[in-house]
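Visitor: Have a look at the structure that comes next, please.
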Amino acid sequence: MKIQQLHVGAGTTLGPLSIFPVWTAGAGGLGISTGTHADVAVTELAGGPQVARLTVTNNGPRPALLLEGELLEGGQQHRTCARDVLLGPGETRDIDTYCVEAGRWEGTPSHRRQARRAPLNVWAELATGPADPRGADRQGRIWNRVSRFDAARGRSVTSSLLEHMDRFTAEPREANRFEASDAPAPVEGQRGVVIGLGHQPLLLEVFGTHTLFRRHYRQLVESALLDLELLPPHVMASGPMPGQRARDFAAAIQALEFGPFDGGLPAVEVRNHGALRSRNVTRNAGHVAAAGIAVALPRREPELAHLTGWNTKHPLMEIA
């Protein structure tokens with residue numbers, strides 16, 4: 001199984017941030033809800049809260065997709081999803097999470113979802129594969145990445161990623177160089193983006209349908225804008241990323257082979273959600289690390305509902 005043919009359009013720049021639209025072929029019409037349109041409840045575990053686990057329930061009539069790096073706010077502490085999760089209607093499951101608020105362990109059992117995304121600096125840590133020697137202390141490294149914002153923007157009492165995001169969006173326009181409204185609106189049929197920081201591509205994110213992409217595009221841009229606060233002046237002053245680099249990066253991701261949907265890696269479970277089935281996919285090759293979720297519908301070939309590919313050689317991927 002591979003991603004469908006990718007087509008990269010002309011980019012737009014917001015300072016050192018470059019945004020290139022991506023189109024891809026595919027049947028579309030997956031019947032999945034996501035973002036704020038998905039009716040998903042999130043709570044601490046019934047048997048007692050754990051940092052690395054939360055319980056999610058799909059209360060909607062359609063399968064619901066939660067994304068890797070999506071923020072789950074409140075509860076004992078703010079968390080982020082460790083990987084993509086697809087839930088069938090009425091399905092309840094315990095999922096893996098990471099904490100993005102090191103200084104709090106108190107609160108209510110329930111969380112709220114606004115479908116916000118972790119900034120790329122934090123989300124990038126999830127791109128390290130299970131065989132990566134850094135994976136054993138990934139939680140500590142995520143806290144280190146959140147603390148970058150403490151150093152750059154002033155301390156949060158609980159080292160809360162969400163507090164930094166809320167402060168950023170509440171600041172007057174003149175305090176921020178750019179806003180999400182400065183980014184280009186989604187183009188008809190667009191299913192993804194290539195994001196560059198400085199002169200290098202950082203990630204490509206693509207969805208199985210235009211609607212799924214639109215449900216998350218604004219939140220992706222908002223999270224990336226906060227990352228600009230961490231960049232040194234010489235990077236902020238850099239020009240746009242060349243379009244050829246975006247196309248080359250897309251070609252590297254398009255070349256990845258994720259194996260068969262059924263009978264793939266035994267550690268990856270195929271889940272049934274009524275007529276729809278799903279399985280997580282991952283692949284590392286050279287300087288690219290990709291992860292997402294594939295789905296299969298009756299009388300259709302399996303396809304990717306969501307995929308994120310990272311340039312593991314980008315400076316943002318390294319802890320300072």
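Chain lettering (A, B, ...) mirrors the order of the structure tokens, residue numbering begins at 1 for each chain separately, and ligand numbering begins at 1 in order of display.
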Please, which residues of stretch 143-212 of chain A, numbered as in this document, come out strand (DSSP E) from DSSP, as a list of chain:residue names?

Guide: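 Residues meeting the strand (DSSP E) criterion: A:Gly192, A:Val193, A:Val194, A:Ile195, A:Gly196, A:Leu197, A:Gln200, A:Pro201, A:Leu202, A:Leu203, A:Leu204, A:Glu205, A:Val206, A:Phe207.
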
Visitor: For the residues in the current selection, export C-alpha atoms as a CSV table (one decimal), in the first residue's frame.

Guide:
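That gives us selection07.csv:
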chain,number,residue,atom,x,y,z
A,192,GLY,CA,-3.0,18.5,2.3
A,193,VAL,CA,0.0,20.8,2.6
A,194,VAL,CA,3.8,20.8,2.6
A,195,ILE,CA,5.1,23.0,5.4
A,196,GLY,CA,8.6,24.5,5.2
A,197,LEU,CA,10.5,26.4,8.0
A,200,GLN,CA,13.9,23.3,4.3
A,201,PRO,CA,10.7,21.2,4.2
A,202,LEU,CA,9.6,20.1,7.7
A,203,LEU,CA,6.4,18.1,7.1
A,204,LEU,CA,3.8,16.9,4.6
A,205,GLU,CA,0.3,16.2,5.9
A,206,VAL,CA,-2.3,14.7,3.6
A,207,PHE,CA,-5.9,13.4,4.1

Visitor: With distances taken over only C-alpha atoms, which of A:Gly15, A:Gly69, A:Pro21, A:Gly292 is nearest to A:Pro184?

Guide: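 Comparing A:Gly15, A:Gly69, A:Pro21, A:Gly292 against A:Pro184, the winner is A:Pro21.
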
Visitor: Given only C-alpha atoms as the basis, pick out the residue of A:Arg283, A:Arg116, A:His37, A:His273 nearest to A:Ala255.

Guide: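 Looking only at the distances to A:Ala255, the closest residue turns out to be A:Arg283.
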
Visitor: Can you tell me which residues surround stretch 61-65 of chain A at a distance of at most 8 Å, considering only C-alpha atoms, apart from same-chain residues fewer than 5 positions away, and format the answer as a list in words?

Guide: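 With the cut-off at 8 Å, the set is Gly31, Ile32, Ser33, Thr34, Gly35, Ala38, Asp39, Val40, Asp84, Val85, Leu86, Leu87, Gly88, Pro89, Gly90 and His273 of chain A.
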
Visitor: If we count only C-alpha atoms, what is near stretch 117-128 of chain A at a cut-off of 7 Å, once residues fewer than 5 positions away on the same chain are taken out, given as a PDB file with N, CA and C atoms, in the first residue's frame?

Guide:
ATOM      1  N   GLY A  69      -0.938  14.151  17.695  1.00  0.00           N
ATOM      2  CA  GLY A  69      -0.637  15.543  17.980  1.00  0.00           C
ATOM      3  C   GLY A  69      -1.847  16.394  18.303  1.00  0.00           C
ATOM      4  N   GLU A  70      -3.055  15.826  18.238  1.00  0.00           N
ATOM      5  CA  GLU A  70      -4.259  16.567  18.620  1.00  0.00           C
ATOM      6  C   GLU A  70      -4.282  16.730  20.136  1.00  0.00           C
ATOM      7  N   LEU A  71      -4.696  17.908  20.597  1.00  0.00           N
ATOM      8  CA  LEU A  71      -4.649  18.224  22.023  1.00  0.00           C
ATOM      9  C   LEU A  71      -5.959  17.879  22.707  1.00  0.00           C
ATOM     10  N   ALA A  82      -1.054  10.238  21.021  1.00  0.00           N
ATOM     11  CA  ALA A  82       0.231   9.659  20.628  1.00  0.00           C
ATOM     12  C   ALA A  82       0.242   9.206  19.178  1.00  0.00           C
ATOM     13  N   GLY A 135      13.094   6.999  21.963  1.00  0.00           N
ATOM     14  CA  GLY A 135      11.698   6.727  22.252  1.00  0.00           C
ATOM     15  C   GLY A 135      11.407   6.394  23.698  1.00  0.00           C
ATOM     16  N   ILE A 142       9.297  15.491  25.282  1.00  0.00           N
ATOM     17  CA  ILE A 142       8.153  16.366  24.993  1.00  0.00           C
ATOM     18  C   ILE A 142       8.084  17.491  26.020  1.00  0.00           C
ATOM     19  N   ARG A 145      10.553  20.019  25.079  1.00  0.00           N
ATOM     20  CA  ARG A 145      10.111  20.820  23.943  1.00  0.00           C
ATOM     21  C   ARG A 145       9.081  21.874  24.377  1.00  0.00           C
ATOM     22  N   VAL A 146       8.168  21.507  25.271  1.00  0.00           N
ATOM     23  CA  VAL A 146       7.211  22.494  25.785  1.00  0.00           C
ATOM     24  C   VAL A 146       7.948  23.604  26.531  1.00  0.00           C
ATOM     25  N   GLN A 219      -6.255  24.851  12.301  1.00  0.00           N
ATOM     26  CA  GLN A 219      -5.539  24.503  13.528  1.00  0.00           C
ATOM     27  C   GLN A 219      -4.075  24.190  13.256  1.00  0.00           C
ATOM     28  N   LEU A 220      -3.793  23.588  12.105  1.00  0.00           N
ATOM     29  CA  LEU A 220      -2.399  23.310  11.740  1.00  0.00           C
ATOM     30  C   LEU A 220      -1.622  24.613  11.564  1.00  0.00           C
ATOM     31  N   SER A 223      -0.930  26.350  14.933  1.00  0.00           N
ATOM     32  CA  SER A 223       0.141  25.718  15.708  1.00  0.00           C
ATOM     33  C   SER A 223       1.506  26.059  15.124  1.00  0.00           C
ATOM     34  N   ALA A 224       1.607  26.100  13.795  1.00  0.00           N
ATOM     35  CA  ALA A 224       2.889  26.403  13.155  1.00  0.00           C
ATOM     36  C   ALA A 224       3.326  27.839  13.419  1.00  0.00           C
ATOM     37  N   LEU A 226       2.926  29.555  16.126  1.00  0.00           N
ATOM     38  CA  LEU A 226       3.555  29.635  17.447  1.00  0.00           C
ATOM     39  C   LEU A 226       5.010  29.176  17.384  1.00  0.00           C
ATOM     40  N   ASP A 227       5.309  28.245  16.512  1.00  0.00           N
ATOM     41  CA  ASP A 227       6.688  27.776  16.374  1.00  0.00           C
ATOM     42  C   ASP A 227       7.633  28.889  15.929  1.00  0.00           C
ATOM     43  N   ALA A 289      10.270  10.210   8.012  1.00  0.00           N
ATOM     44  CA  ALA A 289       9.508   9.368   8.935  1.00  0.00           C
ATOM     45  C   ALA A 289       8.036   9.679   8.718  1.00  0.00           C
ATOM     46  N   TRP A 310       7.565  13.490   8.002  1.00  0.00           N
ATOM     47  CA  TRP A 310       8.480  14.471   8.582  1.00  0.00           C
ATOM     48  C   TRP A 310       9.865  14.358   7.957  1.00  0.00           C
ATOM     49  N   LEU A 316      14.477  21.681  13.449  1.00  0.00           N
ATOM     50  CA  LEU A 316      13.433  21.689  14.467  1.00  0.00           C
ATOM     51  C   LEU A 316      13.265  20.318  15.114  1.00  0.00           C
ATOM     52  N   MET A 317      13.699  19.267  14.429  1.00  0.00           N
ATOM     53  CA  MET A 317      13.548  17.917  14.964  1.00  0.00           C
ATOM     54  C   MET A 317      14.516  17.632  16.095  1.00  0.00           C
TER      55      MET A 317
END

Visitor: Quick one: DSSP alpha helix (DSSP H) residues in stretch 13-185 of chain A, as a PyMOL selection string?

Guide: chain A and resi 120-123+138-153+161-170

Visitor: Can you spit out the residues from that selection as a CSV table (one decimal), in the first residue's frame, using N, CA, C and O atoms?

Guide:
chain,number,residue,atom,x,y,z
A,120,LEU,N,4.4,22.4,16.0
A,120,LEU,CA,5.3,21.5,15.3
A,120,LEU,C,6.5,21.1,16.1
A,120,LEU,O,7.0,19.9,16.0
A,121,ASN,N,7.0,22.0,16.9
A,121,ASN,CA,8.2,21.7,17.7
A,121,ASN,C,7.9,20.6,18.7
A,121,ASN,O,8.7,19.7,19.0
A,122,VAL,N,6.7,20.5,19.2
A,122,VAL,CA,6.3,19.4,20.2
A,122,VAL,C,5.8,18.2,19.4
A,122,VAL,O,6.2,17.1,19.7
A,123,TRP,N,5.0,18.4,18.4
A,123,TRP,CA,4.4,17.3,17.6
A,123,TRP,C,5.6,16.5,17.0
A,123,TRP,O,5.5,15.2,16.8
A,138,ARG,N,10.5,9.5,25.6
A,138,ARG,CA,9.8,10.5,24.7
A,138,ARG,C,9.0,11.5,25.6
A,138,ARG,O,9.0,12.7,25.2
A,139,GLN,N,8.4,11.0,26.7
A,139,GLN,CA,7.7,11.9,27.5
A,139,GLN,C,8.6,13.1,28.0
A,139,GLN,O,8.2,14.2,28.0
A,140,GLY,N,9.7,12.7,28.5
A,140,GLY,CA,10.7,13.7,29.0
A,140,GLY,C,11.1,14.7,27.9
A,140,GLY,O,11.2,15.9,28.2
A,141,ARG,N,11.3,14.2,26.7
A,141,ARG,CA,11.7,15.0,25.6
A,141,ARG,C,10.5,16.0,25.2
A,141,ARG,O,10.8,17.1,24.8
A,142,ILE,N,9.3,15.5,25.3
A,142,ILE,CA,8.2,16.4,25.0
A,142,ILE,C,8.1,17.5,26.0
A,142,ILE,O,7.9,18.7,25.7
A,143,TRP,N,8.3,17.2,27.3
A,143,TRP,CA,8.3,18.3,28.3
A,143,TRP,C,9.4,19.2,28.0
A,143,TRP,O,9.2,20.5,28.2
A,144,ASN,N,10.6,18.8,27.6
A,144,ASN,CA,11.7,19.7,27.2
A,144,ASN,C,11.3,20.6,26.0
A,144,ASN,O,11.6,21.8,26.0
A,145,ARG,N,10.6,20.0,25.1
A,145,ARG,CA,10.1,20.8,23.9
A,145,ARG,C,9.1,21.9,24.4
A,145,ARG,O,9.1,23.0,23.9
A,146,VAL,N,8.2,21.5,25.3
A,146,VAL,CA,7.2,22.5,25.8
A,146,VAL,C,7.9,23.6,26.5
A,146,VAL,O,7.6,24.8,26.4
A,147,SER,N,9.0,23.2,27.3
A,147,SER,CA,9.7,24.2,28.1
A,147,SER,C,10.4,25.2,27.2
A,147,SER,O,10.8,26.3,27.6
A,148,ARG,N,10.6,24.9,25.9
A,148,ARG,CA,11.2,25.9,25.0
A,148,ARG,C,10.3,27.2,25.0
A,148,ARG,O,10.8,28.3,24.9
A,149,PHE,N,9.0,27.0,25.0
A,149,PHE,CA,8.1,28.1,25.0
A,149,PHE,C,8.2,28.9,26.3
A,149,PHE,O,8.0,30.1,26.4
A,150,ASP,N,8.4,28.2,27.5
A,150,ASP,CA,8.7,28.9,28.7
A,150,ASP,C,9.8,29.8,28.6
A,150,ASP,O,9.8,31.0,29.1
A,151,ALA,N,10.9,29.4,27.9
A,151,ALA,CA,12.1,30.2,27.8
A,151,ALA,C,11.9,31.3,26.8
A,151,ALA,O,12.4,32.5,27.0
A,152,ALA,N,11.1,31.1,25.7
A,152,ALA,CA,11.0,32.1,24.7
A,152,ALA,C,9.9,33.1,25.0
A,152,ALA,O,10.0,34.3,24.6
A,153,ARG,N,8.8,32.7,25.7
A,153,ARG,CA,7.7,33.6,25.8
A,153,ARG,C,7.3,33.9,27.3
A,153,ARG,O,6.3,34.5,27.6
A,161,LEU,N,1.5,23.8,27.7
A,161,LEU,CA,1.5,24.1,26.3
A,161,LEU,C,0.3,24.9,26.0
A,161,LEU,O,0.3,25.9,25.2
A,162,LEU,N,-0.9,24.5,26.5
A,162,LEU,CA,-2.1,25.2,26.2
A,162,LEU,C,-2.1,26.7,26.6
A,162,LEU,O,-2.7,27.5,26.0
A,163,GLU,N,-1.5,26.9,27.8
A,163,GLU,CA,-1.4,28.3,28.3
A,163,GLU,C,-0.6,29.2,27.3
A,163,GLU,O,-1.0,30.3,27.0
A,164,HIS,N,0.5,28.6,26.8
A,164,HIS,CA,1.2,29.4,25.8
A,164,HIS,C,0.4,29.6,24.5
A,164,HIS,O,0.5,30.7,23.9
A,165,MET,N,-0.3,28.6,24.1
A,165,MET,CA,-1.2,28.8,22.9
A,165,MET,C,-2.3,29.8,23.1
A,165,MET,O,-2.5,30.7,22.2
A,166,ASP,N,-2.9,29.8,24.3
A,166,ASP,CA,-4.0,30.7,24.6
A,166,ASP,C,-3.4,32.2,24.7
A,166,ASP,O,-4.0,33.1,24.2
A,167,ARG,N,-2.2,32.3,25.3
A,167,ARG,CA,-1.6,33.7,25.4
A,167,ARG,C,-1.3,34.2,24.0
A,167,ARG,O,-1.6,35.4,23.7
A,168,PHE,N,-0.8,33.3,23.1
A,168,PHE,CA,-0.4,33.7,21.8
A,168,PHE,C,-1.6,34.3,21.0
A,168,PHE,O,-1.6,35.3,20.3
A,169,THR,N,-2.7,33.5,21.0
A,169,THR,CA,-3.9,33.9,20.2
A,169,THR,C,-4.6,35.1,20.8
A,169,THR,O,-5.3,35.9,20.1
A,170,ALA,N,-4.4,35.4,22.2
A,170,ALA,CA,-5.1,36.5,22.8
A,170,ALA,C,-4.3,37.8,22.6
A,170,ALA,O,-4.8,38.9,22.9

Visitor: Please identify all polymer residues within 12 Å of A:Gly198, counting only C-alpha atoms, omitting same-chain residues fewer than 2 positions from it, and present them as a VMD selection string.

Guide: chain A and resid 13 to 19 195 to 196 200 to 202 227 to 228 231 to 242 245 314 to 316

Visitor: What is the atom CA of A:Phe213-atom CA of A:Pro260 distance in Å, reported with one decimal?

Guide: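 Here the two named atoms are 24.5 Å from each other.
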
Visitor: Please list as JSON, numbers by chain every residue within 12 Å of A:Thr55, counting only C-alpha atoms and excluding residues in the same chain fewer than 5 positions away.

Guide: {"A": [40, 41, 42, 43, 44, 45, 46, 47, 48, 49, 50, 72, 75, 79, 81, 85, 87, 91, 92, 93, 94, 95, 96, 97, 109, 110, 111]}

Visitor: Could you write out the selected residues, including C-alpha atoms, as a CSV table (one decimal), in the first residue's frame?

Guide:
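Below is the file that was written, part14.csv:
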chain,number,residue,atom,x,y,z
A,40,VAL,CA,-16.0,12.4,20.9
A,41,ALA,CA,-15.9,12.5,24.7
A,42,VAL,CA,-12.6,12.2,26.5
A,43,THR,CA,-12.1,11.2,30.1
A,44,GLU,CA,-9.5,10.0,32.5
A,45,LEU,CA,-9.5,6.2,33.0
A,46,ALA,CA,-12.3,4.9,35.1
A,47,GLY,CA,-9.9,2.9,37.2
A,48,GLY,CA,-7.8,5.9,38.1
A,49,PRO,CA,-6.0,8.5,36.0
A,50,GLN,CA,-2.7,7.7,34.2
A,72,LEU,CA,-7.0,16.9,24.7
A,75,GLY,CA,-8.6,16.6,33.1
A,79,ARG,CA,-2.4,15.7,26.9
A,81,CYS,CA,-2.7,12.0,21.2
A,85,VAL,CA,-7.1,6.9,16.3
A,87,LEU,CA,-13.4,5.1,16.5
A,91,GLU,CA,-17.0,2.7,20.4
A,92,THR,CA,-15.1,3.4,23.6
A,93,ARG,CA,-11.3,2.8,23.8
A,94,ASP,CA,-8.3,3.6,26.0
A,95,ILE,CA,-5.7,5.4,23.9
A,96,ASP,CA,-2.0,6.3,24.3
A,97,THR,CA,-1.2,9.9,25.2
A,109,PRO,CA,-12.2,13.6,35.1
A,110,SER,CA,-13.3,15.0,31.8
A,111,HIS,CA,-11.4,16.7,29.0

Visitor: Work out how far atom CA of A:Gln114 is from atom CA of A:Glu73, in Å to one decimal.

Guide: 8.1 Å

Visitor: For A:Phe258, which residue out of A:Glu303, A:Phe178, A:Val221, A:Leu276 is the nearest one, using only C-alpha atoms?

Guide: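 Of A:Glu303, A:Phe178, A:Val221, A:Leu276, the one nearest A:Phe258, counting only C-alpha atoms, is A:Glu303.
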
Visitor: Name the residues in contact with A:Arg247 at a cut-off of 9 Å, using only C-alpha atoms, excluding same-chain residues fewer than 6 positions from it; report them as a short mmCIF file (atom, residue, chain, number, x, y, z; two decimals) with all heavy atoms, in the first residue's frame.

Guide:
data_model
loop_
_atom_site.label_atom_id
_atom_site.label_comp_id
_atom_site.auth_asym_id
_atom_site.auth_seq_id
_atom_site.Cartn_x
_atom_site.Cartn_y
_atom_site.Cartn_z
N LEU A 6 0.88 12.41 -5.64
CA LEU A 6 0.80 13.72 -5.00
C LEU A 6 1.13 14.81 -6.02
O LEU A 6 2.05 14.65 -6.83
CB LEU A 6 1.78 13.80 -3.83
CG LEU A 6 1.52 12.86 -2.65
CD1 LEU A 6 2.68 12.94 -1.65
CD2 LEU A 6 0.20 13.20 -1.96
N HIS A 7 0.42 15.91 -5.93
CA HIS A 7 0.67 17.08 -6.77
C HIS A 7 0.83 18.28 -5.86
O HIS A 7 -0.04 18.57 -5.04
CB HIS A 7 -0.49 17.30 -7.75
CG HIS A 7 -0.79 16.13 -8.62
ND1 HIS A 7 -0.09 15.87 -9.78
CD2 HIS A 7 -1.69 15.12 -8.48
CE1 HIS A 7 -0.57 14.77 -10.33
NE2 HIS A 7 -1.54 14.29 -9.57
N VAL A 8 1.96 18.99 -5.97
CA VAL A 8 2.27 20.13 -5.11
C VAL A 8 2.10 21.42 -5.90
O VAL A 8 2.66 21.57 -7.00
CB VAL A 8 3.70 20.03 -4.56
CG1 VAL A 8 4.04 21.24 -3.69
CG2 VAL A 8 3.88 18.73 -3.78
N GLY A 9 1.32 22.36 -5.35
CA GLY A 9 1.07 23.63 -6.01
C GLY A 9 2.05 24.71 -5.58
O GLY A 9 3.03 24.46 -4.87
N VAL A 194 2.42 20.90 2.24
CA VAL A 194 3.81 20.78 2.65
C VAL A 194 4.14 22.04 3.41
O VAL A 194 3.84 23.15 2.95
CB VAL A 194 4.77 20.64 1.44
CG1 VAL A 194 6.22 20.70 1.91
CG2 VAL A 194 4.52 19.34 0.70
#

Visitor: Just give me the gap between atom CA of A:Glu101 and atom CA of A:Ser160 in Å, one decimal is fine.

Guide: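 Going from atom CA of A:Glu101 over to atom CA of A:Ser160 covers 4.2 Å.
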
Visitor: Under the rule that only C-alpha atoms are counted, which of A:Leu30, A:Val22, A:Ala251, A:Leu230 is the nearest residue to A:Glu301?

Guide: A:Leu30
